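Undergrad: Just so it is clear, I am handing over final04.pdb, which has PDB, C-alpha atoms and all ligand atoms.
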ATOM      1  CA  MET H 146      -0.433 -29.414   5.372  1.00  0.00           C
ATOM      2  CA  LYS H 147       1.854 -29.406   2.330  1.00  0.00           C
ATOM      3  CA  ALA H 148       4.785 -27.454   3.733  1.00  0.00           C
ATOM      4  CA  VAL H 149       6.472 -26.415   6.970  1.00  0.00           C
ATOM      5  CA  ILE H 150       8.414 -23.179   7.161  1.00  0.00           C
ATOM      6  CA  PHE H 151      10.695 -22.691  10.148  1.00  0.00           C
ATOM      7  CA  ASP H 152      12.096 -19.718  11.965  1.00  0.00           C
ATOM      8  CA  LEU H 153      15.803 -20.298  12.641  1.00  0.00           C
ATOM      9  CA  ASP H 154      17.169 -18.686  15.825  1.00  0.00           C
ATOM     10  CA  GLY H 155      15.466 -20.060  18.909  1.00  0.00           C
ATOM     11  CA  THR H 156      13.377 -22.499  16.863  1.00  0.00           C
ATOM     12  CA  LEU H 157      15.634 -24.876  14.924  1.00  0.00           C
ATOM     13  CA  VAL H 158      18.915 -23.745  16.437  1.00  0.00           C
ATOM     14  CA  ASP H 159      19.859 -22.560  19.906  1.00  0.00           C
ATOM     15  CA  SER H 160      22.105 -19.860  18.486  1.00  0.00           C
ATOM     16  CA  ALA H 161      21.949 -17.551  21.507  1.00  0.00           C
ATOM     17  CA  PRO H 162      25.419 -18.570  22.826  1.00  0.00           C
ATOM     18  CA  ASP H 163      27.130 -17.526  19.573  1.00  0.00           C
ATOM     19  CA  ILE H 164      24.991 -14.412  19.226  1.00  0.00           C
ATOM     20  CA  ALA H 165      25.914 -13.453  22.817  1.00  0.00           C
ATOM     21  CA  LEU H 166      29.600 -14.119  22.093  1.00  0.00           C
ATOM     22  CA  SER H 167      29.532 -11.750  19.123  1.00  0.00           C
ATOM     23  CA  MET H 168      27.506  -9.183  21.029  1.00  0.00           C
ATOM     24  CA  ASN H 169      29.934  -9.318  23.931  1.00  0.00           C
ATOM     25  CA  ARG H 170      32.800  -8.589  21.532  1.00  0.00           C
ATOM     26  CA  LEU H 171      30.932  -5.518  20.327  1.00  0.00           C
ATOM     27  CA  LEU H 172      30.156  -4.460  23.897  1.00  0.00           C
ATOM     28  CA  ALA H 173      33.852  -4.870  24.766  1.00  0.00           C
ATOM     29  CA  ASP H 174      34.659  -2.388  21.973  1.00  0.00           C
ATOM     30  CA  HIS H 175      32.487   0.057  23.910  1.00  0.00           C
ATOM     31  CA  GLY H 176      34.103  -0.801  27.249  1.00  0.00           C
ATOM     32  CA  VAL H 177      30.957  -2.614  28.451  1.00  0.00           C
ATOM     33  CA  PRO H 178      31.318  -5.876  30.445  1.00  0.00           C
ATOM     34  CA  PRO H 179      30.031  -9.143  28.938  1.00  0.00           C
ATOM     35  CA  GLN H 180      26.365 -10.022  29.340  1.00  0.00           C
ATOM     36  CA  LYS H 181      24.795 -13.391  30.077  1.00  0.00           C
ATOM     37  CA  VAL H 182      23.418 -15.495  27.221  1.00  0.00           C
ATOM     38  CA  SER H 183      19.990 -15.511  28.904  1.00  0.00           C
ATOM     39  CA  PHE H 184      19.919 -11.704  28.883  1.00  0.00           C
ATOM     40  CA  VAL H 185      20.988 -11.371  25.236  1.00  0.00           C
ATOM     41  CA  GLU H 186      18.560 -14.130  24.194  1.00  0.00           C
ATOM     42  CA  GLY H 187      15.568 -11.950  25.049  1.00  0.00           C
ATOM     43  CA  PHE H 188      16.545  -9.453  22.334  1.00  0.00           C
ATOM     44  CA  ILE H 189      16.880 -11.962  19.472  1.00  0.00           C
ATOM     45  CA  GLY H 190      14.196 -12.229  16.817  1.00  0.00           C
ATOM     46  CA  GLU H 191      13.890  -8.896  15.039  1.00  0.00           C
ATOM     47  CA  GLY H 192      17.215  -9.022  13.209  1.00  0.00           C
ATOM     48  CA  ALA H 193      20.726  -7.745  13.888  1.00  0.00           C
ATOM     49  CA  ARG H 194      19.928  -4.041  13.815  1.00  0.00           C
ATOM     50  CA  ALA H 195      17.127  -4.311  16.376  1.00  0.00           C
ATOM     51  CA  LEU H 196      19.307  -6.592  18.517  1.00  0.00           C
ATOM     52  CA  VAL H 197      22.146  -4.061  18.705  1.00  0.00           C
ATOM     53  CA  ALA H 198      19.852  -1.038  19.093  1.00  0.00           C
ATOM     54  CA  LYS H 199      17.692  -2.599  21.825  1.00  0.00           C
ATOM     55  CA  LEU H 200      20.612  -4.068  23.778  1.00  0.00           C
ATOM     56  CA  PHE H 201      22.476  -0.773  23.644  1.00  0.00           C
ATOM     57  CA  ALA H 202      19.345   1.025  24.884  1.00  0.00           C
ATOM     58  CA  ALA H 203      18.856  -1.490  27.710  1.00  0.00           C
ATOM     59  CA  LEU H 204      22.495  -1.174  28.804  1.00  0.00           C
ATOM     60  CA  ASP H 205      22.629   2.579  28.211  1.00  0.00           C
ATOM     61  CA  VAL H 206      25.451   2.237  25.669  1.00  0.00           C
ATOM     62  CA  LYS H 207      25.784   5.395  23.595  1.00  0.00           C
ATOM     63  CA  THR H 208      26.779   5.214  19.937  1.00  0.00           C
ATOM     64  CA  ASN H 209      27.046   7.843  17.245  1.00  0.00           C
ATOM     65  CA  ASP H 210      27.208   5.263  14.451  1.00  0.00           C
ATOM     66  CA  LEU H 211      24.682   2.458  14.857  1.00  0.00           C
ATOM     67  CA  ASP H 212      25.292   1.259  11.275  1.00  0.00           C
ATOM     68  CA  ARG H 213      28.975   0.700  12.047  1.00  0.00           C
ATOM     69  CA  ASP H 214      28.114  -1.152  15.255  1.00  0.00           C
ATOM     70  CA  VAL H 215      25.624  -3.396  13.448  1.00  0.00           C
ATOM     71  CA  ALA H 216      28.224  -4.123  10.753  1.00  0.00           C
ATOM     72  CA  ALA H 217      30.836  -4.916  13.440  1.00  0.00           C
ATOM     73  CA  TYR H 218      28.417  -7.260  15.227  1.00  0.00           C
ATOM     74  CA  ILE H 219      27.653  -9.074  11.945  1.00  0.00           C
ATOM     75  CA  ASP H 220      31.377  -9.404  11.211  1.00  0.00           C
ATOM     76  CA  TYR H 221      31.995 -10.901  14.657  1.00  0.00           C
ATOM     77  CA  TYR H 222      29.097 -13.311  14.167  1.00  0.00           C
ATOM     78  CA  ARG H 223      30.195 -14.264  10.646  1.00  0.00           C
ATOM     79  CA  ALA H 224      33.654 -15.114  12.023  1.00  0.00           C
ATOM     80  CA  ASN H 225      32.187 -17.599  14.563  1.00  0.00           C
ATOM     81  CA  PRO H 226      28.604 -18.519  13.695  1.00  0.00           C
ATOM     82  CA  VAL H 227      28.491 -22.074  15.040  1.00  0.00           C
ATOM     83  CA  GLU H 228      31.035 -22.320  17.866  1.00  0.00           C
ATOM     84  CA  ALA H 229      28.507 -23.057  20.605  1.00  0.00           C
ATOM     85  CA  SER H 230      25.151 -23.259  18.780  1.00  0.00           C
ATOM     86  CA  LYS H 231      23.136 -26.466  18.976  1.00  0.00           C
ATOM     87  CA  LEU H 232      20.189 -27.945  17.140  1.00  0.00           C
ATOM     88  CA  TYR H 233      17.093 -28.087  19.323  1.00  0.00           C
ATOM     89  CA  ALA H 234      15.487 -31.335  20.362  1.00  0.00           C
ATOM     90  CA  ASP H 235      14.627 -33.701  17.530  1.00  0.00           C
ATOM     91  CA  ALA H 236      15.169 -31.240  14.675  1.00  0.00           C
ATOM     92  CA  GLY H 237      17.533 -33.493  12.704  1.00  0.00           C
ATOM     93  CA  PRO H 238      15.505 -36.730  12.525  1.00  0.00           C
ATOM     94  CA  ALA H 239      12.087 -35.025  12.426  1.00  0.00           C
ATOM     95  CA  LEU H 240      13.007 -32.748   9.519  1.00  0.00           C
ATOM     96  CA  GLN H 241      14.464 -35.715   7.650  1.00  0.00           C
ATOM     97  CA  ALA H 242      11.192 -37.578   8.238  1.00  0.00           C
ATOM     98  CA  LEU H 243       9.072 -34.624   7.106  1.00  0.00           C
ATOM     99  CA  HIS H 244      11.188 -34.292   3.975  1.00  0.00           C
ATOM    100  CA  GLY H 245      10.918 -38.029   3.387  1.00  0.00           C
ATOM    101  CA  ALA H 246       7.125 -37.775   3.722  1.00  0.00           C
ATOM    102  CA  GLY H 247       7.062 -35.310   0.826  1.00  0.00           C
ATOM    103  CA  ILE H 248       6.410 -32.220   2.952  1.00  0.00           C
ATOM    104  CA  LYS H 249       8.166 -29.195   1.514  1.00  0.00           C
ATOM    105  CA  LEU H 250      10.457 -27.426   3.960  1.00  0.00           C
ATOM    106  CA  GLY H 251      11.699 -23.861   4.142  1.00  0.00           C
ATOM    107  CA  VAL H 252      13.132 -21.252   6.499  1.00  0.00           C
ATOM    108  CA  CYS H 253      11.930 -17.696   7.061  1.00  0.00           C
ATOM    109  CA  THR H 254      14.277 -15.862   9.434  1.00  0.00           C
ATOM    110  CA  ASN H 255      15.271 -12.346  10.360  1.00  0.00           C
ATOM    111  CA  LYS H 256      18.910 -13.444  10.140  1.00  0.00           C
ATOM    112  CA  LEU H 257      20.804 -12.458   6.994  1.00  0.00           C
ATOM    113  CA  GLN H 258      20.241 -15.118   4.332  1.00  0.00           C
ATOM    114  CA  GLU H 259      23.939 -15.884   3.914  1.00  0.00           C
ATOM    115  CA  LEU H 260      24.416 -16.423   7.659  1.00  0.00           C
ATOM    116  CA  ALA H 261      21.240 -18.493   7.887  1.00  0.00           C
ATOM    117  CA  GLU H 262      22.536 -20.754   5.114  1.00  0.00           C
ATOM    118  CA  ILE H 263      25.904 -21.145   6.860  1.00  0.00           C
ATOM    119  CA  VAL H 264      24.193 -22.207  10.103  1.00  0.00           C
ATOM    120  CA  LEU H 265      21.757 -24.544   8.325  1.00  0.00           C
ATOM    121  CA  GLY H 266      24.633 -26.024   6.330  1.00  0.00           C
ATOM    122  CA  HIS H 267      26.650 -26.669   9.481  1.00  0.00           C
ATOM    123  CA  PHE H 268      23.814 -28.724  10.953  1.00  0.00           C
ATOM    124  CA  GLY H 269      23.115 -30.599   7.724  1.00  0.00           C
ATOM    125  CA  LEU H 270      19.675 -29.027   7.272  1.00  0.00           C
ATOM    126  CA  LEU H 271      20.361 -26.875   4.214  1.00  0.00           C
ATOM    127  CA  PRO H 272      19.844 -29.710   1.674  1.00  0.00           C
ATOM    128  CA  LEU H 273      16.355 -30.286   3.149  1.00  0.00           C
ATOM    129  CA  MET H 274      15.282 -26.680   2.581  1.00  0.00           C
ATOM    130  CA  SER H 275      13.619 -25.741  -0.695  1.00  0.00           C
ATOM    131  CA  VAL H 276      13.774 -22.054   0.216  1.00  0.00           C
ATOM    132  CA  VAL H 277      15.623 -19.869   2.729  1.00  0.00           C
ATOM    133  CA  ILE H 278      14.276 -16.363   3.188  1.00  0.00           C
ATOM    134  CA  GLY H 279      16.475 -14.083   5.287  1.00  0.00           C
ATOM    135  CA  ALA H 280      16.283 -10.498   6.506  1.00  0.00           C
ATOM    136  CA  ASP H 281      17.857  -9.256   3.263  1.00  0.00           C
ATOM    137  CA  THR H 282      16.095 -11.596   0.785  1.00  0.00           C
ATOM    138  CA  THR H 283      13.037  -9.362   0.429  1.00  0.00           C
ATOM    139  CA  PRO H 284      12.696  -5.644   1.280  1.00  0.00           C
ATOM    140  CA  TYR H 285      10.711  -6.647   4.397  1.00  0.00           C
ATOM    141  CA  THR H 286      11.377  -8.428   7.659  1.00  0.00           C
ATOM    142  CA  LYS H 287       9.048 -10.220  10.091  1.00  0.00           C
ATOM    143  CA  PRO H 288       6.570  -9.390  11.561  1.00  0.00           C
ATOM    144  CA  ASP H 289       5.697  -8.059   8.093  1.00  0.00           C
ATOM    145  CA  PRO H 290       3.876 -11.023   6.512  1.00  0.00           C
ATOM    146  CA  ARG H 291       5.547 -10.641   3.132  1.00  0.00           C
ATOM    147  CA  PRO H 292       8.757 -12.648   3.773  1.00  0.00           C
ATOM    148  CA  LEU H 293       6.618 -15.591   4.920  1.00  0.00           C
ATOM    149  CA  LEU H 294       4.219 -15.232   1.986  1.00  0.00           C
ATOM    150  CA  HIS H 295       7.205 -15.060  -0.325  1.00  0.00           C
ATOM    151  CA  ALA H 296       8.529 -18.311   1.171  1.00  0.00           C
ATOM    152  CA  ALA H 297       5.159 -20.041   0.654  1.00  0.00           C
ATOM    153  CA  GLU H 298       5.014 -18.827  -2.927  1.00  0.00           C
ATOM    154  CA  ALA H 299       8.549 -20.093  -3.568  1.00  0.00           C
ATOM    155  CA  LEU H 300       7.417 -23.516  -2.287  1.00  0.00           C
ATOM    156  CA  GLY H 301       4.420 -23.408  -4.635  1.00  0.00           C
ATOM    157  CA  VAL H 302       1.841 -23.711  -1.851  1.00  0.00           C
ATOM    158  CA  GLU H 303      -1.011 -21.549  -0.588  1.00  0.00           C
ATOM    159  CA  PRO H 304      -0.600 -19.813   2.791  1.00  0.00           C
ATOM    160  CA  HIS H 305      -3.241 -22.041   4.423  1.00  0.00           C
ATOM    161  CA  GLU H 306      -1.342 -25.154   3.320  1.00  0.00           C
ATOM    162  CA  VAL H 307       1.706 -24.109   5.358  1.00  0.00           C
ATOM    163  CA  VAL H 308       2.537 -24.385   9.043  1.00  0.00           C
ATOM    164  CA  TYR H 309       4.998 -21.763  10.272  1.00  0.00           C
ATOM    165  CA  VAL H 310       7.026 -22.757  13.321  1.00  0.00           C
ATOM    166  CA  GLY H 311       8.587 -20.010  15.429  1.00  0.00           C
ATOM    167  CA  ASP H 312       9.627 -18.944  18.919  1.00  0.00           C
ATOM    168  CA  THR H 313       8.613 -15.291  19.362  1.00  0.00           C
ATOM    169  CA  THR H 314       5.631 -12.945  19.239  1.00  0.00           C
ATOM    170  CA  ILE H 315       7.192 -11.627  16.016  1.00  0.00           C
ATOM    171  CA  ASP H 316       6.737 -15.044  14.413  1.00  0.00           C
ATOM    172  CA  ARG H 317       3.194 -15.339  15.784  1.00  0.00           C
ATOM    173  CA  ASP H 318       2.250 -11.875  14.505  1.00  0.00           C
ATOM    174  CA  CYS H 319       3.867 -12.485  11.110  1.00  0.00           C
ATOM    175  CA  ALA H 320       1.983 -15.760  10.629  1.00  0.00           C
ATOM    176  CA  THR H 321      -1.284 -14.230  11.809  1.00  0.00           C
ATOM    177  CA  ALA H 322      -0.920 -11.330   9.346  1.00  0.00           C
ATOM    178  CA  ALA H 323      -0.052 -13.780   6.554  1.00  0.00           C
ATOM    179  CA  LYS H 324      -3.031 -16.023   7.490  1.00  0.00           C
ATOM    180  CA  VAL H 325      -0.601 -18.905   7.838  1.00  0.00           C
ATOM    181  CA  PRO H 326      -1.307 -21.500  10.566  1.00  0.00           C
ATOM    182  CA  TYR H 327       1.506 -21.434  13.113  1.00  0.00           C
ATOM    183  CA  ARG H 328       3.062 -23.256  16.046  1.00  0.00           C
ATOM    184  CA  ILE H 329       5.197 -21.753  18.782  1.00  0.00           C
ATOM    185  CA  VAL H 330       7.884 -24.018  20.160  1.00  0.00           C
ATOM    186  CA  ASN H 331       7.772 -25.066  23.757  1.00  0.00           C
ATOM    187  CA  TRP H 332      11.474 -24.386  24.407  1.00  0.00           C
ATOM    188  CA  GLY H 333      13.810 -21.409  24.743  1.00  0.00           C
ATOM    189  CA  THR H 334      12.107 -18.028  24.478  1.00  0.00           C
ATOM    190  CA  GLY H 335       9.117 -19.797  22.928  1.00  0.00           C
ATOM    191  CA  ARG H 336       8.014 -20.810  26.410  1.00  0.00           C
ATOM    192  CA  ASP H 337       7.227 -17.168  27.260  1.00  0.00           C
ATOM    193  CA  VAL H 338       5.003 -16.536  24.228  1.00  0.00           C
ATOM    194  CA  LYS H 339       1.276 -16.518  24.933  1.00  0.00           C
ATOM    195  CA  VAL H 340      -0.515 -18.779  22.468  1.00  0.00           C
ATOM    196  CA  ALA H 341      -3.472 -21.122  22.489  1.00  0.00           C
ATOM    197  CA  GLU H 342      -2.583 -24.631  23.647  1.00  0.00           C
ATOM    198  CA  GLU H 343      -3.233 -26.086  20.177  1.00  0.00           C
ATOM    199  CA  ALA H 344      -0.629 -23.720  18.703  1.00  0.00           C
ATOM    200  CA  ARG H 345       2.097 -25.140  20.989  1.00  0.00           C
ATOM    201  CA  LEU H 346       4.738 -27.450  19.563  1.00  0.00           C
ATOM    202  CA  ALA H 347       6.385 -29.817  22.056  1.00  0.00           C
ATOM    203  CA  GLN H 348       8.653 -31.571  19.543  1.00  0.00           C
ATOM    204  CA  PHE H 349       9.242 -31.400  15.793  1.00  0.00           C
ATOM    205  CA  ALA H 350       8.002 -34.983  15.359  1.00  0.00           C
ATOM    206  CA  ASP H 351       4.506 -33.707  16.224  1.00  0.00           C
ATOM    207  CA  LEU H 352       4.487 -32.023  12.796  1.00  0.00           C
ATOM    208  CA  LEU H 353       4.592 -35.385  11.035  1.00  0.00           C
ATOM    209  CA  PRO H 354       1.310 -35.931   9.162  1.00  0.00           C
ATOM    210  CA  ASN H 355       0.264 -39.106  11.002  1.00  0.00           C
ATOM    211  CA  THR H 356       0.664 -37.379  14.377  1.00  0.00           C
ATOM    212  CA  VAL H 357      -1.120 -34.124  13.516  1.00  0.00           C
ATOM    213  CA  ALA H 358      -4.701 -34.983  12.651  1.00  0.00           C
ATOM    214  CA  ALA H 359      -5.835 -31.323  12.743  1.00  0.00           C
ATOM    215  CA  ASP H 360      -3.501 -30.288   9.946  1.00  0.00           C
TER
HETATM  216  O1  LIG E   1      18.510 -12.859  13.922  1.00  0.00           O
HETATM  217  C1  LIG E   1      17.462 -12.605  14.552  1.00  0.00           C
HETATM  218  O2  LIG E   1      17.266 -11.599  15.232  1.00  0.00           O
HETATM  219  C2  LIG E   1      16.326 -13.571  14.538  1.00  0.00           C
HETATM  220  O3  LIG E   1      16.394 -14.634  13.735  1.00  0.00           O
HETATM  221  P1  LIG E   1      15.072 -15.577  13.646  1.00  0.00           P
HETATM  222  O4  LIG E   1      14.102 -14.794  12.833  1.00  0.00           O
HETATM  223  O5  LIG E   1      15.635 -16.797  12.967  1.00  0.00           O
HETATM  224  O6  LIG E   1      14.609 -15.850  15.046  1.00  0.00           O
HETATM  225 MG    MG E   2      13.478 -16.938  16.387  1.00  0.00          MG
END
Is it possible to express this structure as structure tokens?

TA:
Amino acid sequence: MKAVIFDLDGTLVDSAPDIALSMNRLLADHGVPPQKVSFVEGFIGEGARALVAKLFAALDVKTNDLDRDVAAYIDYYRANPVEASKLYADAGPALQALHGAGIKLGVCTNKLQELAEIVLGHFGLLPLMSVVIGADTTPYTKPDPRPLLHAAEALGVEPHEVVYVGDTTIDRDCATAAKVPYRIVNWGTGRDVKVAEEARLAQFADLLPNTVAAD
């Protein structure tokens, strides 16, 4: 394993509280009462447009301008991206250790690149990342394999030399299509994803070379 590429929301950062806050502001604009973080969390992972469209469908919110609603949601989120978000588990020390061990690190997320960089910067992880691929960095978004392949290429490694770490079936399907080995985190929405036991990740430290013989 020469590189680890991470998903962001639900994997490195528990961003659901801030995403729910922004979504609830948008719902308020439509006269809809606020929703619980745990409900909103289930719709995160396919990018802002899918989040708004799927939540509106689930709550039976009618809109005649989805583009405007997506833009409003992004504006709300941009205004408060890290009010209540938290790094998961041992992300800070483990990523520092991976970086120190010469493993290249990157992020491949369906969040807009600019917002991903703001969140990573807030938690001190941005300087560790050699590449950040967001929803708008390439013409494609996960589960299309191309954003992940683009990230590997930017790191100068072959797909099989990477481990992709994510929290949703979208991440699993993206990695499978890209022929990139993957791990699904054992927290947040990751717990609900069906994967083989060896593809589970209990803590980031398990990615460190001396603790992962198989890689
Ligand atoms: O913003 C989203 O919907 C998902 O972002 P992620 O790809 O980092 O999970
Ligand atoms: Mg995610």

Undergrad: Give as a list in words the residues surrounding ligand LIG 1 (chain E) up to a distance of 6 Å, considering only C-alpha atoms and all ligand atoms.

TA: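 Going residue by residue within 6 Å of ligand LIG 1 (chain E), we get Asp152, Leu153, Asp154, Gly155, Ile189, Gly190, Glu191, Gly192, Ala193, Thr254, Asn255 and Lys256 of chain H.
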
Undergrad: For ligand MG 2 (chain E), return the neighbouring residues as a tab-separated table (two decimals) with C-alpha atoms, keeping the file's coordinate frame (distance at most 12 Å; only C-alpha atoms and all ligand atoms).

TA:
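The resulting file, result.tsv, is shown below:
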chain	number	residue	atom	x	y	z
H	151	PHE	CA	10.70	-22.69	10.15
H	152	ASP	CA	12.10	-19.72	11.96
H	153	LEU	CA	15.80	-20.30	12.64
H	154	ASP	CA	17.17	-18.69	15.82
H	155	GLY	CA	15.47	-20.06	18.91
H	156	THR	CA	13.38	-22.50	16.86
H	157	LEU	CA	15.63	-24.88	14.92
H	158	VAL	CA	18.92	-23.74	16.44
H	159	ASP	CA	19.86	-22.56	19.91
H	160	SER	CA	22.10	-19.86	18.49
H	161	ALA	CA	21.95	-17.55	21.51
H	186	GLU	CA	18.56	-14.13	24.19
H	187	GLY	CA	15.57	-11.95	25.05
H	188	PHE	CA	16.55	-9.45	22.33
H	189	ILE	CA	16.88	-11.96	19.47
H	190	GLY	CA	14.20	-12.23	16.82
H	191	GLU	CA	13.89	-8.90	15.04
H	192	GLY	CA	17.22	-9.02	13.21
H	193	ALA	CA	20.73	-7.74	13.89
H	252	VAL	CA	13.13	-21.25	6.50
H	253	CYS	CA	11.93	-17.70	7.06
H	254	THR	CA	14.28	-15.86	9.43
H	255	ASN	CA	15.27	-12.35	10.36
H	256	LYS	CA	18.91	-13.44	10.14
H	261	ALA	CA	21.24	-18.49	7.89
H	279	GLY	CA	16.48	-14.08	5.29
H	287	LYS	CA	9.05	-10.22	10.09
H	288	PRO	CA	6.57	-9.39	11.56
H	309	TYR	CA	5.00	-21.76	10.27
H	310	VAL	CA	7.03	-22.76	13.32
H	311	GLY	CA	8.59	-20.01	15.43
H	312	ASP	CA	9.63	-18.94	18.92
H	313	THR	CA	8.61	-15.29	19.36
H	314	THR	CA	5.63	-12.94	19.24
H	315	ILE	CA	7.19	-11.63	16.02
H	316	ASP	CA	6.74	-15.04	14.41
H	317	ARG	CA	3.19	-15.34	15.78
H	319	CYS	CA	3.87	-12.48	11.11
H	329	ILE	CA	5.20	-21.75	18.78
H	330	VAL	CA	7.88	-24.02	20.16
H	332	TRP	CA	11.47	-24.39	24.41
H	333	GLY	CA	13.81	-21.41	24.74
H	334	THR	CA	12.11	-18.03	24.48
H	335	GLY	CA	9.12	-19.80	22.93
H	338	VAL	CA	5.00	-16.54	24.23

Undergrad: Output as lines of an AutoDock Vina configuration file the centre and edge lengths (Å, one decimal) of the box along x, y and z of the file that holds every listed atom of region 315-322 of chain H after adding 3 Å on each side.

TA:
center_x = 3.0
center_y = -13.5
center_z = 12.7
size_x = 14.5
size_y = 10.4
size_z = 12.7

Undergrad: For Ile278 (chain H), which of H:Lys231, H:Arg291, H:His175, H:Arg328 is the closest residue, counting only C-alpha atoms?

TA: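 Looking at the shortest contact to Ile278 (chain H), the residue is H:Arg291.
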
Undergrad: Restricting the calculation to all atoms listed in the file, which member of H:Asn355, H:Ser183, H:Thr282, H:Asn225 is positioned closest to Arg170 (chain H)?

TA: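 Checking each of H:Asn355, H:Ser183, H:Thr282, H:Asn225 against Arg170 (chain H), counting all atoms listed in the file, the winner is H:Asn225.
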
Undergrad: For Val197 (chain H), which residue among H:Val185, H:Val215, H:Leu260, H:Leu243 is the nearest when counting only C-alpha atoms?

TA: H:Val215

Undergrad: Suppose you want the space between CA of Ala246 (chain H) and CA of Pro290 (chain H); what is it in Å?

TA: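 These two atoms are separated by 27.1 Å.
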
Undergrad: Given all atoms listed in the file as the basis, pick out the residue of H:Leu293, H:Ile248, H:Leu166, H:Val227 nearest to His267 (chain H).

TA: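 The shortest atom-to-atom distance to His267 (chain H) comes from H:Val227.
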
Undergrad: My list of candidates is H:Ser275, H:Ser167, H:Ala347, H:Val177. Which is closest to Gly247 (chain H) when distances are computed with only C-alpha atoms?

TA: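 Distance minimum relative to Gly247 (chain H) lands on H:Ser275.
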
Undergrad: Show me, as an MDAnalysis selection string, the residues that have an atom within 12 Å of Pro272 (chain H) when counting only C-alpha atoms, minus same-chain residues fewer than 3 positions from it.

TA: chainID H and resid 237 240:241 244 249:252 262:263 265:269 275:277

Undergrad: Pull C-alpha atoms from the residues just selected and write them as a PDB file, in the coordinates of the input.

TA:
ATOM      1  CA  GLY H 237      17.533 -33.493  12.704  1.00  0.00           C
ATOM      2  CA  LEU H 240      13.007 -32.748   9.519  1.00  0.00           C
ATOM      3  CA  GLN H 241      14.464 -35.715   7.650  1.00  0.00           C
ATOM      4  CA  HIS H 244      11.188 -34.292   3.975  1.00  0.00           C
ATOM      5  CA  LYS H 249       8.166 -29.195   1.514  1.00  0.00           C
ATOM      6  CA  LEU H 250      10.457 -27.426   3.960  1.00  0.00           C
ATOM      7  CA  GLY H 251      11.699 -23.861   4.142  1.00  0.00           C
ATOM      8  CA  VAL H 252      13.132 -21.252   6.499  1.00  0.00           C
ATOM      9  CA  GLU H 262      22.536 -20.754   5.114  1.00  0.00           C
ATOM     10  CA  ILE H 263      25.904 -21.145   6.860  1.00  0.00           C
ATOM     11  CA  LEU H 265      21.757 -24.544   8.325  1.00  0.00           C
ATOM     12  CA  GLY H 266      24.633 -26.024   6.330  1.00  0.00           C
ATOM     13  CA  HIS H 267      26.650 -26.669   9.481  1.00  0.00           C
ATOM     14  CA  PHE H 268      23.814 -28.724  10.953  1.00  0.00           C
ATOM     15  CA  GLY H 269      23.115 -30.599   7.724  1.00  0.00           C
ATOM     16  CA  SER H 275      13.619 -25.741  -0.695  1.00  0.00           C
ATOM     17  CA  VAL H 276      13.774 -22.054   0.216  1.00  0.00           C
ATOM     18  CA  VAL H 277      15.623 -19.869   2.729  1.00  0.00           C
TER      19      VAL H 277
END

Undergrad: Considering only C-alpha atoms, return as a PyMOL selection string whatever protein or nucleic-acid residues lie within 10 Å of Tyr218 (chain H), sequence-local ones (same chain, fewer than 4 positions apart) excluded.

TA: chain H and resi 164+166-172+193-194+196-197+212-214+222-224

Undergrad: Hey, which of H:Ala350, H:Leu211, H:Met274, H:Val182 ends up closest to Ala299 (chain H)? Count only C-alpha atoms.

TA: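 Closest candidate: H:Met274.
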
Undergrad: Mind pulling up the distance from CA of Ala280 (chain H) to CA of Leu200 (chain H)?

TA: 18.9 Å

Undergrad: What is the distance, in Å and to one decimal place, between CA of Lys207 (chain H) and CA of Glu228 (chain H)?

TA: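 Straight-line distance from CA of Lys207 (chain H) to CA of Glu228 (chain H) works out to 28.8 Å.
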